[in-house]
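Quick look at query.csv (CSV, C-alpha atoms):
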```csv
chain,number,residue,atom,x,y,z
N,431,MET,CA,74.6,-1.4,221.4
N,432,ALA,CA,75.4,0.4,224.8
N,433,GLY,CA,75.0,4.1,224.7
N,434,ALA,CA,73.6,4.1,221.2
N,435,GLY,CA,72.3,7.7,220.8
N,436,ARG,CA,72.8,8.2,224.5
N,437,LEU,CA,69.1,7.5,225.2
N,438,LEU,CA,69.2,8.8,228.7
N,439,LYS,CA,71.4,11.9,228.0
N,440,ASP,CA,68.7,14.5,228.3
N,441,SER,CA,66.7,13.0,231.1
N,442,ASP,CA,66.1,15.1,234.2
N,443,LYS,CA,66.7,11.9,236.2
N,444,ILE,CA,70.5,12.2,235.5
N,445,ILE,CA,72.3,14.3,238.1
N,446,PHE,CA,75.8,15.4,237.5
N,447,GLY,CA,78.2,16.5,240.2
N,448,GLU,CA,81.1,15.8,242.5
N,449,PHE,CA,79.3,14.0,245.3
N,450,TRP,CA,82.0,12.5,247.4
N,451,THR,CA,85.6,13.1,246.1
N,452,ALA,CA,85.9,16.2,248.4
N,453,LYS,CA,85.5,13.7,251.3
N,454,GLN,CA,88.1,11.3,250.0
N,455,ARG,CA,90.1,9.6,252.7
N,456,GLN,CA,87.9,10.8,255.4
N,457,GLY,CA,86.7,7.2,255.8
N,458,HIS,CA,88.2,5.0,258.5
N,459,PRO,CA,91.7,3.7,257.8
N,460,ILE,CA,90.3,0.1,258.3
N,461,HIS,CA,88.9,0.4,254.8
N,462,HIS,CA,92.4,0.7,253.4
N,463,THR,CA,94.0,-2.1,255.3
N,464,VAL,CA,94.4,-4.1,252.0
N,465,SER,CA,94.4,-3.0,248.4
N,466,TYR,CA,92.1,-4.6,245.9
N,467,ARG,CA,91.7,-3.8,242.3
N,468,ALA,CA,88.4,-2.3,241.0
N,469,SER,CA,87.2,-1.3,244.4
N,470,PHE,CA,85.2,1.9,245.0
N,471,LYS,CA,85.8,4.5,247.8
N,472,PRO,CA,83.9,4.1,251.1
N,473,GLU,CA,82.5,7.6,250.6
N,474,LEU,CA,80.4,6.2,247.7
N,475,PRO,CA,78.3,3.8,249.8
N,476,SER,CA,78.3,6.3,252.6
N,477,PHE,CA,76.6,8.9,250.4
N,478,PHE,CA,73.8,6.5,249.4
N,479,MET,CA,73.3,5.2,252.9
N,480,LYS,CA,72.7,8.7,254.0
N,481,GLU,CA,70.5,9.4,251.0
N,482,PHE,CA,68.2,6.3,251.3
N,483,LEU,CA,68.3,5.0,254.9
N,484,LYS,CA,66.5,7.3,257.3
N,485,LYS,CA,66.8,4.9,260.3
N,486,LYS,CA,69.7,3.0,261.8
N,487,ASN,CA,70.0,-0.8,262.1
N,488,ARG,CA,69.0,-1.5,258.5
N,489,ILE,CA,70.3,-4.3,256.3
N,490,VAL,CA,72.8,-3.2,253.6
N,491,TYR,CA,73.8,-5.7,250.9
N,492,ASP,CA,76.5,-5.9,248.3
N,493,PRO,CA,76.2,-8.8,245.9
N,494,PHE,CA,79.7,-8.1,244.4
N,495,GLY,CA,81.4,-7.5,247.8
N,496,GLY,CA,85.0,-7.1,246.7
N,497,ARG,CA,87.2,-6.1,249.6
N,498,GLY,CA,84.2,-5.3,251.8
N,499,THR,CA,83.9,-1.6,251.4
N,500,THR,CA,80.1,-1.5,251.6
N,501,ALA,CA,79.8,-4.0,254.5
N,502,ILE,CA,82.4,-2.1,256.6
N,503,GLN,CA,80.9,1.3,255.9
N,504,ALA,CA,77.5,-0.1,256.8
N,505,ASN,CA,78.7,-1.2,260.2
N,506,ILE,CA,80.5,2.1,260.7
N,507,GLU,CA,77.2,3.9,260.0
N,508,GLY,CA,75.1,1.7,262.3
N,509,HIS,CA,73.7,-1.0,260.0
N,510,ALA,CA,74.2,-4.7,259.6
N,511,ALA,CA,75.6,-6.0,256.3
N,512,ILE,CA,75.4,-8.8,253.8
N,513,HIS,CA,78.6,-9.3,251.9
N,514,ASN,CA,78.4,-11.7,248.9
N,515,ASP,CA,81.1,-12.6,246.4
N,516,ILE,CA,82.0,-15.6,244.3
N,517,HIS,CA,85.7,-15.1,245.2
N,518,PRO,CA,86.9,-16.7,248.5
N,519,LEU,CA,89.5,-14.0,248.8
N,520,SER,CA,86.8,-11.4,249.0
N,521,ILE,CA,85.1,-13.3,251.8
N,522,PHE,CA,88.3,-13.4,253.8
N,523,LEU,CA,89.0,-9.7,253.2
N,524,ALA,CA,85.6,-8.7,254.5
N,525,SER,CA,85.1,-11.2,257.3
N,526,ALA,CA,88.5,-10.6,258.8
N,527,ARG,CA,87.3,-7.1,259.7
N,528,GLN,CA,84.0,-8.2,261.1
N,529,TYR,CA,85.6,-8.0,264.5
N,530,VAL,CA,88.5,-5.6,265.0
N,531,PRO,CA,90.5,-6.6,268.1
N,532,LYS,CA,92.2,-4.2,270.5
N,533,PHE,CA,95.7,-3.3,269.4
N,534,SER,CA,97.2,-4.6,272.7
N,535,ASP,CA,95.6,-8.0,272.1
N,536,LEU,CA,97.0,-8.1,268.6
N,537,GLU,CA,100.5,-7.1,269.7
N,538,LYS,CA,100.5,-9.8,272.4
N,539,LYS,CA,99.4,-12.4,269.8
N,540,LEU,CA,102.0,-11.3,267.3
N,541,ASN,CA,104.8,-11.4,269.9
N,542,SER,CA,103.8,-15.0,270.9
N,543,LEU,CA,104.4,-16.4,267.4
N,544,ASP,CA,107.7,-18.2,266.8
N,545,LEU,CA,108.5,-17.6,263.2
N,546,GLU,CA,112.1,-18.8,263.3
N,547,GLN,CA,111.3,-22.5,263.2
N,548,GLU,CA,112.8,-24.5,260.4
N,549,VAL,CA,110.4,-25.3,257.5
N,550,GLU,CA,110.5,-28.0,254.8
N,551,GLU,CA,111.4,-27.0,251.3
N,552,ASP,CA,108.7,-27.3,248.8
N,553,PRO,CA,108.8,-27.5,245.0
N,554,PHE,CA,106.5,-24.5,244.9
N,555,ASP,CA,109.2,-22.4,246.6
N,556,LYS,CA,110.8,-21.7,243.2
N,557,ASN,CA,107.8,-19.6,242.4
N,558,LEU,CA,108.2,-17.6,245.6
N,559,LEU,CA,111.9,-16.9,245.7
N,560,PRO,CA,111.9,-14.3,243.0
N,561,PHE,CA,109.7,-12.3,245.5
N,562,PHE,CA,111.1,-13.2,248.9
N,563,HIS,CA,114.4,-13.7,250.6
N,564,PRO,CA,114.7,-17.3,251.9
N,565,LYS,CA,114.6,-16.1,255.6
N,566,THR,CA,111.5,-14.0,254.9
N,567,LEU,CA,109.9,-16.9,253.1
N,568,LYS,CA,110.6,-19.1,256.1
N,569,GLU,CA,108.8,-16.6,258.4
N,570,ILE,CA,105.8,-16.4,256.1
N,571,LYS,CA,105.5,-20.1,255.9
N,572,ASN,CA,105.7,-20.3,259.7
N,573,LEU,CA,102.9,-17.7,259.9
N,574,LYS,CA,100.8,-19.8,257.6
N,575,LYS,CA,101.2,-22.8,260.0
N,576,TYR,CA,99.8,-20.7,262.8
N,577,MET,CA,97.0,-19.5,260.6
N,578,ALA,CA,96.0,-23.1,259.9
N,579,ILE,CA,95.6,-24.0,263.6
N,580,ASP,CA,94.5,-20.7,265.3
N,581,ASP,CA,91.0,-19.5,264.5
N,582,SER,CA,91.0,-16.6,267.0
N,583,VAL,CA,89.9,-13.2,265.8
N,584,GLU,CA,93.4,-11.8,266.6
N,585,MET,CA,95.0,-14.4,264.4
N,586,LYS,CA,92.6,-13.7,261.5
N,587,PHE,CA,93.2,-10.0,261.7
N,588,ILE,CA,97.0,-10.5,261.8
N,589,SER,CA,96.6,-12.7,258.8
N,590,LEU,CA,94.8,-9.9,257.0
N,591,ILE,CA,97.5,-7.4,257.8
N,592,ALA,CA,100.2,-9.9,256.7
N,593,LEU,CA,98.3,-10.4,253.4
N,594,SER,CA,98.3,-6.6,252.9
N,595,ARG,CA,102.1,-6.6,253.3
N,596,LEU,CA,102.8,-9.6,251.2
N,597,HIS,CA,104.1,-7.9,248.1
N,598,GLY,CA,104.5,-4.3,247.0
N,599,HIS,CA,106.8,-1.5,246.0
N,600,SER,CA,108.3,-0.2,249.2
N,601,THR,CA,110.4,-1.6,252.1
N,602,GLY,CA,107.2,-1.8,254.1
N,603,PHE,CA,106.3,-5.0,252.2
N,604,PHE,CA,107.8,-8.5,252.7
N,605,SER,CA,108.8,-8.7,249.0
N,606,VAL,CA,111.3,-7.2,246.7
N,607,TYR,CA,110.1,-4.3,244.6
N,608,THR,CA,106.9,-5.4,242.7
N,609,PHE,CA,103.3,-4.5,242.2
N,610,PRO,CA,101.1,-4.1,245.3
N,611,GLN,CA,97.7,-4.9,243.8
N,612,LEU,CA,98.5,-7.8,241.5
N,613,SER,CA,100.8,-10.8,241.6
N,614,ILE,CA,102.8,-10.9,238.4
N,615,PRO,CA,104.1,-14.3,237.3
N,616,PRO,CA,107.4,-15.6,238.9
N,617,GLU,CA,109.2,-15.5,235.5
N,618,ALA,CA,108.2,-11.8,235.0
N,619,GLN,CA,109.3,-10.9,238.5
N,620,ALA,CA,112.7,-12.6,238.0
N,621,LYS,CA,113.2,-10.6,234.7
N,622,ASN,CA,112.3,-7.4,236.5
N,623,ASN,CA,114.8,-8.2,239.3
N,624,ALA,CA,117.5,-8.8,236.7
N,625,LYS,CA,116.6,-5.6,234.8
N,626,LYS,CA,116.7,-3.5,238.0
N,627,GLY,CA,119.8,-5.3,239.3
N,628,ILE,CA,118.1,-6.2,242.6
N,629,ASN,CA,117.6,-9.4,244.6
N,630,PRO,CA,115.1,-10.0,247.4
N,631,GLU,CA,116.6,-8.8,250.7
N,632,TYR,CA,115.7,-10.2,254.1
N,633,ARG,CA,112.7,-8.4,255.5
N,634,PRO,CA,111.5,-9.5,258.9
N,635,ILE,CA,107.8,-9.7,258.8
N,636,LYS,CA,106.8,-9.1,262.4
N,637,PRO,CA,107.9,-5.4,262.5
N,638,ARG,CA,106.1,-4.8,259.2
N,639,ILE,CA,102.9,-6.3,260.4
N,640,LEU,CA,103.2,-4.3,263.6
N,641,GLN,CA,103.7,-1.0,261.9
N,642,LYS,CA,100.8,-1.6,259.5
N,643,MET,CA,98.5,-2.4,262.5
N,644,ILE,CA,99.6,0.8,264.2
N,645,ARG,CA,98.6,2.9,261.1
N,646,ASP,CA,95.3,1.1,260.5
N,647,LEU,CA,94.2,1.3,264.1
N,648,ALA,CA,95.3,4.9,264.7
N,649,MET,CA,91.6,5.9,264.5
N,650,PRO,CA,89.4,4.2,267.1
N,651,ILE,CA,86.7,1.9,265.7
N,652,PRO,CA,83.2,3.4,266.4
N,653,PRO,CA,82.0,2.1,269.8
N,654,PHE,CA,78.9,0.5,268.2
N,655,TYR,CA,80.7,-1.1,265.3
N,656,HIS,CA,80.7,-4.6,266.7
N,657,GLU,CA,77.0,-4.3,267.8
N,658,PHE,CA,76.1,-4.3,264.1
N,659,SER,CA,79.0,-6.3,262.5
N,660,LYS,CA,78.1,-9.3,264.7
N,661,ASN,CA,74.9,-9.7,262.6
N,662,ASN,CA,76.7,-9.6,259.3
N,663,LEU,CA,76.3,-12.4,256.7
N,664,TYR,CA,79.2,-13.5,254.5
N,665,SER,CA,78.0,-15.4,251.4
N,666,LEU,CA,80.0,-17.2,248.8
N,667,ASN,CA,77.8,-17.2,245.8
N,668,SER,CA,77.3,-15.8,242.3
N,669,ALA,CA,75.5,-12.5,242.5
N,670,ASN,CA,72.6,-13.9,240.3
N,671,SER,CA,71.9,-16.8,242.7
N,672,VAL,CA,72.1,-16.1,246.4
N,673,PRO,CA,69.8,-18.6,248.1
N,674,ASN,CA,71.0,-17.9,251.6
N,675,VAL,CA,69.7,-14.3,251.5
N,676,ALA,CA,66.1,-14.2,252.4
N,677,SER,CA,63.5,-12.7,250.2
N,678,GLU,CA,62.4,-9.1,251.0
N,679,SER,CA,65.0,-8.9,253.8
N,680,VAL,CA,67.3,-6.1,252.4
N,681,ASP,CA,66.8,-2.3,253.0
N,682,LEU,CA,69.5,-1.1,250.5
N,683,ILE,CA,71.9,-2.5,247.9
N,684,VAL,CA,75.1,-0.7,247.0
N,685,THR,CA,77.3,-2.5,244.6
N,686,SER,CA,79.6,-2.4,241.6
N,687,PRO,CA,79.7,-5.4,239.1
N,688,PRO,CA,82.8,-6.3,237.2
N,689,PHE,CA,83.1,-4.3,234.0
N,690,LEU,CA,83.8,-5.7,230.5
N,691,ASP,CA,87.0,-7.8,230.4
N,692,LYS,CA,88.7,-5.5,233.0
N,693,VAL,CA,90.2,-7.7,235.8
N,694,ASP,CA,91.6,-11.2,236.0
N,695,TYR,CA,90.9,-11.8,239.7
N,696,GLU,CA,92.2,-15.4,239.7
N,697,GLY,CA,95.5,-14.7,237.9
N,698,ASP,CA,96.1,-11.3,239.6
N,699,ASN,CA,95.9,-12.9,243.1
N,700,TRP,CA,97.9,-16.1,242.8
N,701,LEU,CA,100.3,-15.1,245.6
N,702,ARG,CA,97.4,-14.1,247.9
N,703,HIS,CA,95.7,-17.4,247.1
N,704,TRP,CA,98.9,-19.3,248.0
N,705,PHE,CA,99.1,-17.4,251.3
N,706,LEU,CA,95.5,-18.2,252.2
N,707,ASP,CA,95.6,-21.7,250.8
N,708,ILE,CA,92.8,-20.9,248.3
N,709,GLU,CA,92.8,-23.6,245.6
N,710,LYS,CA,91.8,-22.9,242.1
N,711,SER,CA,88.4,-24.2,241.4
N,712,LYS,CA,87.0,-25.3,238.0
N,713,ASP,CA,83.5,-24.7,239.4
N,714,ARG,CA,84.3,-21.1,240.4
N,715,LYS,CA,83.5,-19.0,237.4
N,716,LEU,CA,84.3,-15.3,238.1
N,717,SER,CA,82.1,-12.9,236.2
N,718,ILE,CA,84.5,-11.5,233.6
N,719,PHE,CA,82.9,-10.8,230.2
N,720,SER,CA,84.3,-9.5,227.0
N,721,ASN,CA,81.0,-9.8,225.2
N,722,LEU,CA,78.4,-7.0,226.0
N,723,ASN,CA,75.4,-9.3,225.4
N,724,ASP,CA,76.8,-11.8,227.9
N,725,TRP,CA,77.4,-9.0,230.4
N,726,ASN,CA,73.9,-7.7,229.9
N,727,GLU,CA,72.3,-11.1,230.5
N,728,PHE,CA,74.3,-11.6,233.7
N,729,ILE,CA,73.3,-8.1,234.9
N,730,ARG,CA,69.7,-8.9,234.1
N,731,SER,CA,69.7,-12.1,236.2
N,732,THR,CA,71.6,-10.3,239.0
N,733,LEU,CA,69.0,-7.5,239.0
N,734,LYS,CA,66.2,-10.0,239.2
N,735,GLU,CA,67.8,-11.8,242.1
N,736,SER,CA,68.4,-8.4,243.8
N,737,ALA,CA,64.7,-7.5,243.4
N,738,ARG,CA,63.9,-10.8,245.2
N,739,VAL,CA,65.9,-9.9,248.3
N,740,LEU,CA,65.0,-6.2,248.5
N,741,LYS,CA,62.0,-5.0,250.5
N,742,LYS,CA,59.2,-3.3,248.6
N,743,GLY,CA,60.1,0.4,248.0
N,744,ALA,CA,63.8,-0.2,248.8
N,745,TYR,CA,66.6,1.0,246.6
N,746,MET,CA,69.5,-0.6,244.7
N,747,VAL,CA,72.5,1.5,243.6
N,748,MET,CA,74.7,-0.1,240.9
N,749,GLU,CA,77.9,1.8,240.1
N,750,VAL,CA,79.2,1.2,236.6
N,751,GLY,CA,81.3,3.2,234.2
N,752,GLU,CA,82.0,4.1,230.6
N,753,VAL,CA,84.3,1.7,228.9
N,754,LYS,CA,86.2,2.1,225.6
N,755,LYS,CA,85.9,-0.9,223.3
N,756,GLY,CA,87.7,-0.2,220.0
N,757,ASN,CA,86.5,3.1,218.8
N,758,SER,CA,83.3,3.1,220.7
N,759,ILE,CA,82.5,4.3,224.3
N,760,LEU,CA,80.1,2.0,226.1
N,761,TYR,CA,77.9,3.8,228.7
N,762,LEU,CA,77.0,0.8,230.8
N,763,ASP,CA,74.5,2.8,232.9
N,764,GLU,CA,72.2,2.7,230.0
N,765,ASP,CA,72.4,-1.0,229.7
N,766,VAL,CA,71.6,-1.4,233.4
N,767,VAL,CA,68.5,0.7,233.0
N,768,ARG,CA,67.4,-1.5,230.1
N,769,MET,CA,68.2,-4.7,231.8
N,770,ALA,CA,66.1,-3.7,234.8
N,771,GLU,CA,62.9,-3.8,232.7
N,772,GLY,CA,60.7,-6.6,233.9
N,773,THR,CA,62.8,-7.5,237.0
N,774,GLY,CA,60.6,-5.7,239.5
N,775,LEU,CA,63.1,-2.8,239.7
N,776,VAL,CA,62.4,0.6,238.0
N,777,TRP,CA,64.9,3.3,237.2
N,778,ASN,CA,64.7,6.1,239.8
N,779,LYS,CA,67.7,8.3,238.8
N,780,THR,CA,71.4,8.2,237.9
N,781,TYR,CA,74.2,10.0,239.7
N,782,VAL,CA,77.1,10.8,237.4
N,783,HIS,CA,80.0,11.6,239.7
N,784,THR,CA,82.9,13.2,237.7
N,785,GLN,CA,86.4,12.8,239.0
N,786,SER,CA,90.0,13.0,238.0
N,787,PHE,CA,92.1,9.9,238.0
N,788,THR,CA,94.4,9.1,240.8
N,789,LYS,CA,98.1,8.3,240.5
N,790,LEU,CA,97.3,4.6,240.9
N,791,SER,CA,94.8,4.7,238.0
N,792,ASN,CA,97.4,6.4,235.9
N,793,CYS,CA,99.9,3.6,236.7
N,794,TRP,CA,97.5,1.2,235.0
N,795,GLN,CA,97.5,3.5,231.9
N,796,VAL,CA,93.8,4.4,232.5
N,797,SER,CA,92.9,7.8,231.2
N,798,ASN,CA,89.7,9.7,230.4
N,799,ASN,CA,87.4,7.7,228.2
N,800,GLU,CA,90.1,5.1,227.5
N,801,LYS,CA,90.3,1.5,228.7
N,802,GLY,CA,88.5,2.2,231.9
N,803,THR,CA,86.2,4.7,233.6
N,804,ASN,CA,86.5,8.4,234.1
N,805,SER,CA,83.3,8.8,236.1
N,806,ASN,CA,81.2,6.9,238.6
N,807,ARG,CA,77.8,6.3,237.1
N,808,CYS,CA,75.5,5.2,239.9
N,809,VAL,CA,72.2,3.9,238.6
N,810,VAL,CA,69.5,4.0,241.3
N,811,LEU,CA,66.7,1.5,241.0
N,812,ARG,CA,63.7,1.1,243.2
N,813,LYS,CA,61.7,-2.1,243.9
N,814,VAL,CA,58.0,-1.5,243.0
N,815,ASN,CA,56.5,-5.0,243.4
```

In structure tokens, what does this structure look like?
Amino acid sequence: MAGAGRLLKDSDKIIFGEFWTAKQRQGHPIHHTVSYRASFKPELPSFFMKEFLKKKNRIVYDPFGGRGTTAIQANIEGHAAIHNDIHPLSIFLASARQYVPKFSDLEKKLNSLDLEQEVEEDPFDKNLLPFFHPKTLKEIKNLKKYMAIDDSVEMKFISLIALSRLHGHSTGFFSVYTFPQLSIPPEAQAKNNAKKGINPEYRPIKPRILQKMIRDLAMPIPPFYHEFSKNNLYSLNSANSVPNVASESVDLIVTSPPFLDKVDYEGDNWLRHWFLDIEKSKDRKLSIFSNLNDWNEFIRSTLKESARVLKKGAYMVMEVGEVKKGNSILYLDEDVVRMAEGTGLVWNKTYVHTQSFTKLSNCWQVSNNEKGTNSNRCVVLRKVN
């Protein structure tokens, strides 16, 4: 059982402290273009890049890429990145920021789009109208038409900004009041509208896209960013089998796997999937485990694959947490250390970064030692052979 007896508790390899919260939000605004559940702060991968990479132009890899935090921070700090995830949405979120166009080019492209054209009604519209005014929905559907035929970097970045404004809890979003990070079912949204006595109002999407671009690009991209991002690799694979990443090619891994039964990425993103035309796939099995043994076996196979791609002597950092299951607290960092045995990776140390929950965490009813994590537990492993 995880954490049984806290086997690692007294080890001098465990370092406690507040390593990056003090620097929170000092990262580039481009990190926060779009929200994504269960993502870590950019200050976390930045800390470990500074700790373990002594030269620029290294290769930094994240096998559970999420919204692209590790890859973007690697480019900001002068490294190329490999971003892998089994979720197509993740690939879009990261690759849409591989090249960040000039604001003037984005504004010109946005102004050129005719979003007032008439569109055909679709049976699926009934699922969308609890969220969007019919005129707003028309503009979104017209934008989707441009997205399908225009593969320019400007259009891709505009699509990313639009995705970030698709639904949320303020007038800056396209939708009526709803959750920003997950797409609730249409029936639930309709009930919420009736309970609050609200209906979707017309919200033109162009000015909302423009205002979000102004905020996100207020800080200049580092001048060398694209020099490194042009060499990025975006890989759509399960983390335990990534054949397109060469053996012994990676200088550092910084990642965070899904925890136990924490997030339903498919269900929570159905609106974003509709917007990006991501179809549900029977073959795409996202790594969500409620059984600890299954999670451990998946982590073991992921560590083995990570050892394959790491250079000898290079480090892997895996951020996990402590999860409450029933009356027990599972310290997943201990399981990671055990699962690493025999993979070619050895335990170097564990950084336990203590922190207070944010308002957003509280809105998910996550509190200390209950339902989620109250600390970042970053297990550092080193490839020895």

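For the pair CA of Ala618 in chain N and CA of Leu706 in chain N, the interatomic distance is 22.3 Å.
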
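Here CA of Lys443 in chain N is placed at a distance of 6.2 Å from CA of Thr780 in chain N.
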
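One distance worth recording is that between CA of Ile635 in chain N and CA of Ile591 in chain N, which is 10.6 Å.
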
As a list in words, please: the residues near His563 in chain N (cut-off 9 Å, only C-alpha atoms, same-chain neighbours under 2 positions excluded).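 Surrounding residues, per the criterion: Leu558, Leu559, Pro560, Phe561, Lys565, Thr566, Leu567, Lys568, Phe604, Ser605, Val606, Asn629, Pro630, Glu631, Tyr632 and Arg633 of chain N.
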
Please write the residues from the selection above to a file, keeping C-alpha atoms, as a short mmCIF file (atom, residue, chain, number, x, y, z; two decimals), in the coordinates of the input.
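After the write, again34.cif holds the following:
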```cif
data_model
loop_
_atom_site.label_atom_id
_atom_site.label_comp_id
_atom_site.auth_asym_id
_atom_site.auth_seq_id
_atom_site.Cartn_x
_atom_site.Cartn_y
_atom_site.Cartn_z
CA LEU N 558 108.20 -17.60 245.60
CA LEU N 559 111.90 -16.90 245.70
CA PRO N 560 111.90 -14.30 243.00
CA PHE N 561 109.70 -12.30 245.50
CA LYS N 565 114.60 -16.10 255.60
CA THR N 566 111.50 -14.00 254.90
CA LEU N 567 109.90 -16.90 253.10
CA LYS N 568 110.60 -19.10 256.10
CA PHE N 604 107.80 -8.50 252.70
CA SER N 605 108.80 -8.70 249.00
CA VAL N 606 111.30 -7.20 246.70
CA ASN N 629 117.60 -9.40 244.60
CA PRO N 630 115.10 -10.00 247.40
CA GLU N 631 116.60 -8.80 250.70
CA TYR N 632 115.70 -10.20 254.10
CA ARG N 633 112.70 -8.40 255.50
#
```

Select, from N:Ile516, N:Met746, N:Val680, N:Val809, the residue with the minimum atom-to-atom distance to Tyr695 in chain N, counting all atoms listed in the file. N:Ile516

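The residue that comes closest to Asn557 in chain N, out of N:Pro673, N:Pro615, N:Pro472, N:Pro610 and on the basis of only C-alpha atoms, is N:Pro615.
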
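Residues in contact with Ser525 in chain N at up to 12 Å, not including ones fewer than 5 positions away on its chain and judged by all atoms listed in the file, are Gly495, Gly496, Arg497, Gly498, Thr499, Ala501, Ile502, Ala511, Ile512, His513, Asn514, Asp515, Pro518, Leu519, Ser520, Val530, Val583, Lys586, Phe587, Ser589, Leu590, Ser659, Lys660, Asn661, Asn662, Leu663, Tyr664, Ser665 and Leu666 of chain N.
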
Report as a VMD selection string all protein, DNA and RNA residues lying within 8 Å of Tyr655 in chain N, evaluated on all atoms listed in the file, omitting residues in the same chain fewer than 5 positions from it. chain N and resid 505 to 506 508

Would you write out those residues with C-alpha atoms, as an mmCIF file, in the frame of the given file?
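Wrote it out as result_22.cif, contents follow:
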```cif
data_model
loop_
_atom_site.group_PDB
_atom_site.id
_atom_site.type_symbol
_atom_site.label_atom_id
_atom_site.label_comp_id
_atom_site.auth_asym_id
_atom_site.auth_seq_id
_atom_site.Cartn_x
_atom_site.Cartn_y
_atom_site.Cartn_z
ATOM 1 C CA ASN N 505 78.700 -1.200 260.200
ATOM 2 C CA ILE N 506 80.500 2.100 260.700
ATOM 3 C CA GLY N 508 75.100 1.700 262.300
#
```

Using only C-alpha atoms, which of the listed residues (N:Ile445, N:Val684, N:Val767, N:Met643) sits closest to Pro459 in chain N?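 Smallest separation from Pro459 in chain N among the options: N:Met643.
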
With distances taken over only C-alpha atoms, which of N:Lys779, N:His517, N:Arg702, N:Lys813 is nearest to Leu733 in chain N?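 Distance minimum relative to Leu733 in chain N lands on N:Lys813.
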
Near Leu701 in chain N, within 9 Å and counting all atoms listed in the file, which residues show up once chain neighbours fewer than 6 positions away are dropped, as a ChimeraX atom specification? /N:558,596-597,612-614

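Every protein or nucleic acid residue with an atom no more than 10 Å from Ser731 in chain N, counting all atoms listed in the file and leaving out same-chain residues fewer than 4 positions away, appears here: Ala669, Asn670, Ser671, Asn726, Glu727, Glu735, Ser736, Ala737, Met769, Ala770 and Thr773 of chain N.
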
Find, counting only C-alpha atoms, the residue in N:Ile729, N:Ile628, N:Leu682, N:Val464 that gets nearest to Lys485 in chain N.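 Among the listed residues, the smallest separation from Lys485 in chain N belongs to N:Leu682.
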
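Close to (103.3, -6.9, 260.7), meaning no more than 9 Å away when counting all atoms listed in the file, sit the residues Leu540, Ile588, Ile591, Ala592, Arg595, Pro634, Ile635, Lys636, Pro637, Arg638, Ile639, Leu640, Gln641, Lys642 and Met643 of chain N.
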